[in-house]
file run.cif (mmCIF, C-alpha atoms)
data_data
#
loop_
_atom_site.label_atom_id
_atom_site.label_comp_id
_atom_site.auth_asym_id
_atom_site.auth_seq_id
_atom_site.Cartn_x
_atom_site.Cartn_y
_atom_site.Cartn_z
CA MET A 229 -137.14 4.99 -131.68
CA THR A 230 -136.19 5.84 -128.10
CA LEU A 231 -132.89 4.27 -127.18
CA VAL A 232 -132.66 2.57 -123.79
CA SER A 233 -130.42 4.59 -121.47
CA ILE A 234 -129.52 2.17 -118.74
CA THR A 235 -126.67 4.38 -117.57
CA GLU A 236 -129.17 7.14 -116.71
CA ALA A 237 -131.73 4.84 -115.06
CA ASP A 238 -132.60 5.20 -111.38
CA SER A 239 -130.43 3.34 -108.92
CA LEU A 240 -131.81 0.12 -107.47
CA TYR A 241 -131.20 1.71 -104.07
CA ASP A 242 -132.82 4.77 -102.50
CA ASN A 243 -132.43 6.95 -99.43
CA LEU A 244 -128.68 6.53 -99.65
CA GLU A 245 -128.11 9.31 -97.14
CA ASN A 246 -129.86 7.22 -94.47
CA MET A 247 -127.55 4.23 -94.89
CA SER A 248 -124.67 3.54 -92.53
CA VAL A 249 -121.13 3.55 -93.93
CA ARG A 250 -121.13 -0.26 -93.78
CA GLN A 251 -124.40 -0.46 -95.70
CA LEU A 252 -123.10 1.94 -98.34
CA LEU A 253 -119.91 -0.06 -98.82
CA GLU A 254 -121.66 -3.43 -98.98
CA ASN A 255 -124.28 -2.19 -101.43
CA ILE A 256 -121.67 -0.58 -103.68
CA HIS A 257 -119.79 -3.87 -103.60
CA GLU A 258 -122.94 -5.79 -104.55
CA GLU A 259 -123.31 -3.56 -107.59
CA ASP A 260 -119.64 -3.92 -108.47
CA LYS A 261 -120.12 -7.69 -108.67
CA LYS A 262 -122.16 -7.12 -111.83
CA VAL A 263 -119.20 -5.69 -113.73
CA LEU A 264 -117.18 -8.87 -114.37
CA PRO A 265 -120.07 -10.88 -115.90
CA ALA A 266 -120.85 -7.92 -118.19
CA VAL A 267 -117.23 -7.76 -119.36
CA ARG A 268 -117.17 -11.54 -119.82
CA GLN A 269 -120.16 -11.26 -122.16
CA ALA A 270 -118.25 -8.72 -124.24
CA ILE A 271 -115.12 -10.86 -124.80
CA PRO A 272 -116.07 -12.04 -128.33
CA LYS A 273 -116.30 -8.41 -129.49
CA ILE A 274 -113.11 -7.47 -127.61
CA GLU A 275 -111.37 -10.37 -129.37
CA GLU A 276 -112.64 -9.25 -132.76
CA LEU A 277 -111.36 -5.73 -132.21
CA VAL A 278 -107.97 -6.79 -130.82
CA GLU A 279 -107.37 -9.10 -133.80
CA LYS A 280 -108.08 -6.26 -136.24
CA VAL A 281 -105.97 -3.73 -134.31
CA TRP A 282 -103.06 -6.19 -134.02
CA GLU A 283 -103.06 -6.70 -137.80
CA ARG A 284 -102.80 -2.96 -138.33
CA MET A 285 -100.27 -2.31 -135.58
CA SER A 286 -98.04 -5.02 -137.02
CA LYS A 287 -97.84 -2.86 -140.13
CA GLY A 288 -97.08 0.37 -138.27
CA GLY A 289 -100.56 1.49 -137.25
CA ARG A 290 -101.45 3.32 -134.06
CA LEU A 291 -104.30 3.08 -131.57
CA PHE A 292 -106.31 6.15 -130.58
CA TYR A 293 -108.74 6.34 -127.67
CA ILE A 294 -111.18 9.25 -127.72
CA GLY A 295 -113.68 10.17 -125.03
CA ALA A 296 -115.06 12.84 -122.73
CA GLY A 297 -115.09 13.13 -118.95
CA THR A 298 -114.38 9.89 -117.08
CA SER A 299 -114.26 7.89 -120.31
CA GLY A 300 -111.68 10.22 -121.83
CA ARG A 301 -109.56 10.17 -118.67
CA LEU A 302 -109.56 6.37 -118.59
CA GLY A 303 -108.38 6.25 -122.20
CA ILE A 304 -105.56 8.67 -121.42
CA LEU A 305 -104.62 6.67 -118.32
CA ASP A 306 -104.36 3.44 -120.29
CA ALA A 307 -102.41 5.06 -123.13
CA SER A 308 -99.96 6.75 -120.75
CA GLU A 309 -99.06 3.49 -119.03
CA ILE A 310 -98.10 1.59 -122.19
CA PRO A 311 -94.67 3.20 -122.92
CA PRO A 312 -93.13 2.66 -119.45
CA THR A 313 -94.62 -0.82 -119.11
CA TYR A 314 -93.72 -2.15 -122.55
CA GLY A 315 -90.93 0.13 -123.77
CA VAL A 316 -92.77 1.50 -126.80
CA GLY A 317 -93.02 5.11 -127.95
CA TYR A 318 -95.65 7.51 -126.66
CA ASP A 319 -96.99 7.78 -130.21
CA LEU A 320 -98.22 4.16 -130.43
CA VAL A 321 -101.27 4.38 -128.14
CA ILE A 322 -102.72 7.89 -127.85
CA GLY A 323 -105.56 9.09 -125.63
CA LEU A 324 -107.63 12.16 -126.52
CA ILE A 325 -110.21 13.90 -124.33
CA ALA A 326 -112.83 16.52 -125.16
CA GLY A 327 -111.47 19.86 -124.02
CA GLY A 328 -107.81 18.88 -124.33
CA ASP A 329 -105.30 18.12 -121.59
CA ARG A 330 -106.78 20.65 -119.17
CA ALA A 331 -109.93 18.51 -119.11
CA ILE A 332 -107.97 15.68 -117.48
CA ARG A 333 -108.21 17.47 -114.13
CA LYS A 334 -111.12 19.84 -114.58
CA ALA A 335 -114.31 19.58 -116.61
CA VAL A 336 -114.39 21.80 -119.70
CA GLU A 337 -117.89 23.13 -120.22
CA ALA A 338 -119.73 21.89 -123.33
CA ALA A 339 -116.56 20.40 -124.89
CA GLU A 340 -118.19 17.00 -125.33
CA ASP A 341 -121.18 18.53 -127.17
CA ASN A 342 -119.12 19.56 -130.22
CA GLU A 343 -119.49 16.88 -132.90
CA GLU A 344 -116.77 18.38 -135.12
CA LEU A 345 -114.06 18.74 -132.51
CA GLY A 346 -113.19 15.04 -132.10
CA TRP A 347 -112.22 14.62 -135.75
CA GLU A 348 -110.30 17.90 -135.65
CA ASP A 349 -108.31 16.57 -132.68
CA LEU A 350 -107.56 13.31 -134.52
CA GLN A 351 -106.41 15.10 -137.65
CA LYS A 352 -103.67 16.82 -135.66
CA TYR A 353 -102.02 13.38 -135.49
CA GLY A 354 -102.37 12.62 -139.18
CA VAL A 355 -104.65 9.65 -138.54
CA ASN A 356 -104.53 7.19 -141.45
CA LYS A 357 -105.90 3.84 -142.66
CA LEU A 358 -103.44 1.79 -140.62
CA ASP A 359 -104.67 3.40 -137.42
CA THR A 360 -107.60 2.47 -135.18
CA VAL A 361 -109.91 4.86 -133.33
CA ILE A 362 -111.82 3.56 -130.31
CA GLY A 363 -114.53 5.83 -128.94
CA ILE A 364 -115.31 5.50 -125.23
CA ALA A 365 -118.65 6.74 -123.90
CA ALA A 366 -120.77 5.16 -121.18
CA SER A 367 -123.96 6.67 -122.62
CA GLY A 368 -123.07 5.89 -126.22
CA ARG A 369 -124.36 9.28 -127.33
CA THR A 370 -121.53 11.77 -126.69
CA PRO A 371 -121.36 14.06 -129.80
CA TYR A 372 -117.58 14.62 -129.54
CA VAL A 373 -116.97 10.86 -129.69
CA ILE A 374 -119.64 10.01 -132.25
CA GLY A 375 -118.48 12.71 -134.63
CA ALA A 376 -114.89 11.48 -134.37
CA VAL A 377 -115.60 7.81 -135.11
CA LYS A 378 -118.02 8.61 -137.93
CA LYS A 379 -115.46 10.75 -139.75
CA ALA A 380 -112.69 8.24 -139.04
CA ARG A 381 -114.78 5.43 -140.50
CA GLU A 382 -115.67 7.53 -143.55
CA ASN A 383 -111.93 7.98 -144.12
CA GLY A 384 -111.20 4.24 -144.03
CA VAL A 385 -109.93 4.08 -140.45
CA LEU A 386 -110.88 1.04 -138.34
CA THR A 387 -113.25 2.13 -135.58
CA GLY A 388 -114.46 0.56 -132.36
CA CYS A 389 -116.18 1.65 -129.19
CA ILE A 390 -116.64 0.84 -125.53
CA THR A 391 -120.07 1.75 -124.20
CA ASN A 392 -122.47 0.75 -121.45
CA ASN A 393 -125.83 1.12 -123.20
CA PRO A 394 -127.17 -1.35 -125.76
CA ASP A 395 -127.77 -0.36 -129.39
CA SER A 396 -126.47 3.17 -128.93
CA THR A 397 -125.75 5.72 -131.65
CA LEU A 398 -122.05 5.26 -130.94
CA ALA A 399 -122.25 1.47 -131.36
CA GLN A 400 -124.09 1.92 -134.66
CA SER A 401 -121.36 4.27 -135.90
CA VAL A 402 -118.34 1.94 -135.57
CA ASP A 403 -116.99 -1.25 -137.10
CA VAL A 404 -116.75 -3.19 -133.83
CA ALA A 405 -118.90 -2.23 -130.84
CA ILE A 406 -118.04 -3.44 -127.33
CA GLU A 407 -121.05 -3.11 -125.03
CA ALA A 408 -120.64 -3.83 -121.32
CA ILE A 409 -124.14 -3.62 -119.87
CA VAL A 410 -123.52 -3.21 -116.15
CA GLY A 411 -126.94 -1.79 -115.22
CA PRO A 412 -127.95 1.36 -113.31
CA GLU A 413 -125.31 2.96 -111.11
CA PHE A 414 -125.48 2.94 -107.31
CA VAL A 415 -125.72 6.74 -107.46
CA SER A 416 -128.06 7.29 -110.40
CA GLY A 417 -126.15 8.33 -113.51
CA SER A 418 -122.71 8.31 -111.86
CA THR A 419 -120.91 6.41 -114.61
CA ARG A 420 -117.52 6.88 -112.93
CA MET A 421 -118.60 3.82 -110.91
CA LYS A 422 -119.58 0.52 -112.60
CA ALA A 423 -119.43 1.84 -116.16
CA GLY A 424 -115.99 3.32 -115.56
CA THR A 425 -114.77 0.13 -113.91
CA SER A 426 -115.89 -1.94 -116.89
CA GLN A 427 -114.17 0.46 -119.28
CA LYS A 428 -110.90 0.23 -117.34
CA LEU A 429 -111.02 -3.56 -117.40
CA ILE A 430 -111.67 -3.64 -121.15
CA LEU A 431 -108.90 -1.12 -121.86
CA ASN A 432 -106.52 -3.30 -119.84
CA MET A 433 -107.54 -6.32 -121.89
CA ILE A 434 -107.11 -4.56 -125.24
CA THR A 435 -103.66 -3.06 -124.72
CA THR A 436 -102.21 -5.92 -122.69
CA SER A 437 -103.25 -8.42 -125.36
CA LEU A 438 -101.84 -6.18 -128.09
CA MET A 439 -98.49 -5.71 -126.39
CA ILE A 440 -98.13 -9.45 -125.80
CA LYS A 441 -98.97 -10.26 -129.43
CA LEU A 442 -96.53 -7.56 -130.59
CA GLY A 443 -93.72 -9.34 -128.72
CA ARG A 444 -93.29 -6.91 -125.83
CA VAL A 445 -93.58 -9.69 -123.19
CA LYS A 446 -91.42 -12.81 -122.70
CA GLY A 447 -93.04 -15.65 -120.77
CA ASN A 448 -95.00 -13.51 -118.34
CA LYS A 449 -92.38 -10.80 -117.83
CA MET A 450 -92.30 -7.12 -118.86
CA VAL A 451 -88.87 -7.48 -120.44
CA ASN A 452 -89.11 -4.17 -122.30
CA MET A 453 -90.18 -1.97 -119.37
CA GLN A 454 -88.46 1.39 -118.95
CA LEU A 455 -86.05 1.56 -116.00
CA THR A 456 -87.58 4.69 -114.49
CA ASN A 457 -87.05 3.91 -110.79
CA GLN A 458 -85.16 1.62 -108.41
CA LYS A 459 -88.10 -0.76 -108.04
CA LEU A 460 -88.07 -1.48 -111.77
CA ILE A 461 -84.27 -1.81 -111.86
CA THR A 462 -84.51 -4.36 -109.04
CA ARG A 463 -87.30 -6.20 -110.87
CA GLY A 464 -85.30 -6.26 -114.08
CA THR A 465 -82.20 -7.47 -112.27
CA ARG A 466 -84.18 -10.34 -110.80
CA MET A 467 -85.54 -11.28 -114.24
CA ILE A 468 -82.02 -11.50 -115.67
CA MET A 469 -80.79 -13.55 -112.71
CA GLU A 470 -83.67 -16.00 -113.21
CA GLU A 471 -83.27 -16.22 -117.00
CA LEU A 472 -79.48 -16.37 -117.28
CA GLY A 473 -78.29 -17.52 -113.87
CA TYR A 474 -76.08 -14.47 -113.35
CA ASP A 475 -75.31 -13.15 -109.88
CA GLU A 476 -77.02 -9.94 -108.79
CA ALA A 477 -74.09 -7.63 -109.42
CA LYS A 478 -73.54 -8.86 -112.98
CA ALA A 479 -77.24 -8.86 -113.78
CA ARG A 480 -77.67 -5.28 -112.55
CA ARG A 481 -74.55 -4.05 -114.36
CA LEU A 482 -75.69 -5.53 -117.68
CA LEU A 483 -79.22 -4.22 -117.22
CA LEU A 484 -77.99 -0.66 -116.74
CA LEU A 485 -75.53 -1.05 -119.61
CA HIS A 486 -78.10 -2.29 -122.15
CA GLY A 487 -81.16 -0.44 -120.84
CA SER A 488 -83.71 -3.26 -120.80
CA VAL A 489 -84.06 -6.89 -119.82
CA ASN A 490 -84.82 -7.86 -123.39
CA LYS A 491 -81.63 -6.28 -124.73
CA VAL A 492 -79.58 -8.17 -122.11
CA LEU A 493 -81.25 -11.43 -123.14
CA GLU A 494 -80.59 -10.71 -126.82
CA ALA A 495 -76.94 -9.88 -126.13
CA ALA A 496 -76.50 -13.13 -124.19
CA LYS A 497 -78.15 -15.09 -126.99
CA ASN A 498 -75.87 -13.53 -129.60
CA GLU A 499 -72.82 -14.17 -127.42
CA ASN A 500 -73.73 -17.84 -127.06
CA SER A 501 -74.35 -18.15 -130.80
CA ALA A 502 -70.87 -16.81 -131.51
CA LEU A 503 -69.20 -19.44 -129.33
#
call {"tool": "encode", "arguments": {"input": "run.cif", "output": "structure tokens"}}
result
Amino acid sequence: MTLVSITEADSLYDNLENMSVRQLLENIHEEDKKVLPAVRQAIPKIEELVEKVWERMSKGGRLFYIGAGTSGRLGILDASEIPPTYGVGYDLVIGLIAGGDRAIRKAVEAAEDNEELGWEDLQKYGVNKLDTVIGIAASGRTPYVIGAVKKARENGVLTGCITNNPDSTLAQSVDVAIEAIVGPEFVSGSTRMKAGTSQKLILNMITTSLMIKLGRVKGNKMVNMQLTNQKLITRGTRMIMEELGYDEAKARRLLLLHGSVNKVLEAAKNENSAL
């Protein structure tokens, strides 16, 4: 059976070099409009995966993203933003890319073609049955990713994927397959465009939902964010002022003393309970 490779199909547009800048921008935008409906169609599978990951994370499990090229970089981007945003450790959501960290900036030749390497990279982290491995590959046929999820699944690890082709080898190799079928790219085969955009949106949905369900958000506020710059200190100060009615000086002093908005709120709650 020949699998459909929509991500490699010819663009719906031709003679791109003859288009004006305005035409290029408008046509790219027209293609981008197809991303949101494709992601919307995938929500039931995203929900299924998030529910399963949440159950495992609640017991101490971790989430691994594994990919190559653009897909790998997007996984690393999402994973790297979780600790400062939600105040969790860097070992809770981990992104791996074929070729290692040097592949984040520069392509590493043939790294994604090694079917054994992905599982070897996962084993360095002692992956176990409480963990989840999500393979990311627009084509759904990247050997590095497929080999990793197959071995993870054989070892009792929950597996999922994000792909942009239907019924791919990758999707058939995991427990929960998320397929965002966005169609041919504006530049044929350039999956850093619509496919990459859909992957970024889905990654946002997965980790944001998980962090909320794990109690890292209060109301709609990032109360556990790390205070890594003045902007975030100011934001945290404002949150405390709104929640507790303190003046700015007191709110800022307590924030810097306790280290997070959530710890200030907990201290105030304990203080009130003692009265």
call {"tool": "resolve_selection", "arguments": {"input": "run.cif", "expression": "the PyMOL selection byres ((chain A and resi 374-388) around 6)", "output": "MDAnalysis selection string"}}
result
chainID A and resid 343:344 346:347 357 360:362 371:373 389 398 401:405
call {"tool": "axis_aligned_box", "arguments": {"input": "run.cif", "around": "segment 465-482 of chain A", "padding_each_side": "6 Å", "output": "AutoDock Vina command-line options"}}
result
--center_x -79.5 --center_y -10.8 --center_z -113.2 --size_x 24.0 --size_y 25.5 --size_z 20.9
call {"tool": "resolve_selection", "arguments": {"input": "run.cif", "expression": "the PyMOL selection byres ((chain A and resi 456) around 12)", "output": "CSV table (one decimal) with C-alpha atoms, in the coordinates of the input"}}
result
chain,number,residue,atom,x,y,z
A,311,PRO,CA,-94.7,3.2,-122.9
A,312,PRO,CA,-93.1,2.7,-119.4
A,313,THR,CA,-94.6,-0.8,-119.1
A,315,GLY,CA,-90.9,0.1,-123.8
A,452,ASN,CA,-89.1,-4.2,-122.3
A,453,MET,CA,-90.2,-2.0,-119.4
A,454,GLN,CA,-88.5,1.4,-119.0
A,455,LEU,CA,-86.0,1.6,-116.0
A,457,ASN,CA,-87.0,3.9,-110.8
A,458,GLN,CA,-85.2,1.6,-108.4
A,459,LYS,CA,-88.1,-0.8,-108.0
A,460,LEU,CA,-88.1,-1.5,-111.8
A,461,ILE,CA,-84.3,-1.8,-111.9
A,462,THR,CA,-84.5,-4.4,-109.0
A,463,ARG,CA,-87.3,-6.2,-110.9
A,464,GLY,CA,-85.3,-6.3,-114.1
A,484,LEU,CA,-78.0,-0.7,-116.7
A,487,GLY,CA,-81.2,-0.4,-120.8
A,488,SER,CA,-83.7,-3.3,-120.8
call {"tool": "closest_atom_pairs", "arguments": {"input": "run.cif", "of": "segment 290-382 of chain A", "to": "segment 233-243 of chain A", "cutoff": "9 Å", "atoms": "only C-alpha atoms", "output": "Markdown table"}}
result
| residue | atom | partner | partner_atom | distance |
| --- | --- | --- | --- | --- |
| A:Ala366 | CA | A:Thr235 | CA | 7.0 |
| A:Ser367 | CA | A:Thr235 | CA | 6.2 |
| A:Gly368 | CA | A:Ser233 | CA | 8.8 |
call {"tool": "resolve_selection", "arguments": {"input": "run.cif", "expression": "the PyMOL selection byres ((chain A and resi 309) around 12)", "output": "ChimeraX atom specification"}}
result
/A:302-308,310-318,320-323,431-432,435-436,439,453-454
call {"tool": "atom_distance", "arguments": {"input": "run.cif", "atom1": "atom CA of Thr425 of chain A", "atom2": "atom CA of Pro394 of chain A"}}
result
17.2 Å
call {"tool": "atom_distance", "arguments": {"input": "run.cif", "atom1": "atom CA of Thr465 of chain A", "atom2": "atom CA of Ile440 of chain A"}}
result
21.0 Å
call {"tool": "atom_distance", "arguments": {"input": "run.cif", "atom1": "atom CA of Phe292 of chain A", "atom2": "atom CA of Lys334 of chain A"}}
result
21.6 Å
call {"tool": "closest_residue", "arguments": {"input": "run.cif", "among": "A:Thr298, A:Glu258, A:Arg284, A:Gln251", "to": "Ser418 of chain A", "atoms": "all atoms listed in the file"}}
result
A:Thr298
call {"tool": "closest_residue", "arguments": {"input": "run.cif", "among": "A:Asn498, A:Val355, A:Ala331, A:Gln269", "to": "Leu291 of chain A", "atoms": "only C-alpha atoms"}}
result
A:Val355
call {"tool": "residues_around", "arguments": {"input": "run.cif", "residues": "Val451 of chain A", "least_positions_apart": "2", "cutoff": "6 Å", "atoms": "all atoms listed in the file", "output": "count of residues only"}}
result
5
call {"tool": "closest_residue", "arguments": {"input": "run.cif", "among": "A:Glu494, A:Asp359, A:Asp341, A:Glu413", "to": "Ser286 of chain A", "atoms": "only C-alpha atoms"}}
result
A:Asp359
call {"tool": "residues_around", "arguments": {"input": "run.cif", "residues": "segment 391-393 of chain A", "least_positions_apart": "4", "cutoff": "10 Å", "atoms": "all atoms listed in the file", "output": "PDB file with C-alpha atoms, in the frame of the given file"}}
result
ATOM      1  CA  LEU A 231    -132.890   4.270-127.180  1.00  0.00           C
ATOM      2  CA  VAL A 232    -132.660   2.570-123.790  1.00  0.00           C
ATOM      3  CA  SER A 233    -130.420   4.590-121.470  1.00  0.00           C
ATOM      4  CA  ILE A 234    -129.520   2.170-118.740  1.00  0.00           C
ATOM      5  CA  THR A 235    -126.670   4.380-117.570  1.00  0.00           C
ATOM      6  CA  GLU A 236    -129.170   7.140-116.710  1.00  0.00           C
ATOM      7  CA  ALA A 266    -120.850  -7.920-118.190  1.00  0.00           C
ATOM      8  CA  SER A 299    -114.260   7.890-120.310  1.00  0.00           C
ATOM      9  CA  GLY A 363    -114.530   5.830-128.940  1.00  0.00           C
ATOM     10  CA  ILE A 364    -115.310   5.500-125.230  1.00  0.00           C
ATOM     11  CA  ALA A 365    -118.650   6.740-123.900  1.00  0.00           C
ATOM     12  CA  ALA A 366    -120.770   5.160-121.180  1.00  0.00           C
ATOM     13  CA  SER A 367    -123.960   6.670-122.620  1.00  0.00           C
ATOM     14  CA  GLY A 368    -123.070   5.890-126.220  1.00  0.00           C
ATOM     15  CA  ARG A 369    -124.360   9.280-127.330  1.00  0.00           C
ATOM     16  CA  THR A 397    -125.750   5.720-131.650  1.00  0.00           C
ATOM     17  CA  LEU A 398    -122.050   5.260-130.940  1.00  0.00           C
ATOM     18  CA  ALA A 399    -122.250   1.470-131.360  1.00  0.00           C
ATOM     19  CA  ALA A 405    -118.900  -2.230-130.840  1.00  0.00           C
ATOM     20  CA  ILE A 406    -118.040  -3.440-127.330  1.00  0.00           C
ATOM     21  CA  GLU A 407    -121.050  -3.110-125.030  1.00  0.00           C
ATOM     22  CA  ALA A 408    -120.640  -3.830-121.320  1.00  0.00           C
ATOM     23  CA  ILE A 409    -124.140  -3.620-119.870  1.00  0.00           C
ATOM     24  CA  VAL A 410    -123.520  -3.210-116.150  1.00  0.00           C
ATOM     25  CA  GLY A 411    -126.940  -1.790-115.220  1.00  0.00           C
ATOM     26  CA  PRO A 412    -127.950   1.360-113.310  1.00  0.00           C
ATOM     27  CA  THR A 419    -120.910   6.410-114.610  1.00  0.00           C
ATOM     28  CA  LYS A 422    -119.580   0.520-112.600  1.00  0.00           C
ATOM     29  CA  ALA A 423    -119.430   1.840-116.160  1.00  0.00           C
ATOM     30  CA  GLY A 424    -115.990   3.320-115.560  1.00  0.00           C
ATOM     31  CA  SER A 426    -115.890  -1.940-116.890  1.00  0.00           C
ATOM     32  CA  GLN A 427    -114.170   0.460-119.280  1.00  0.00           C
TER      33      GLN A 427
END
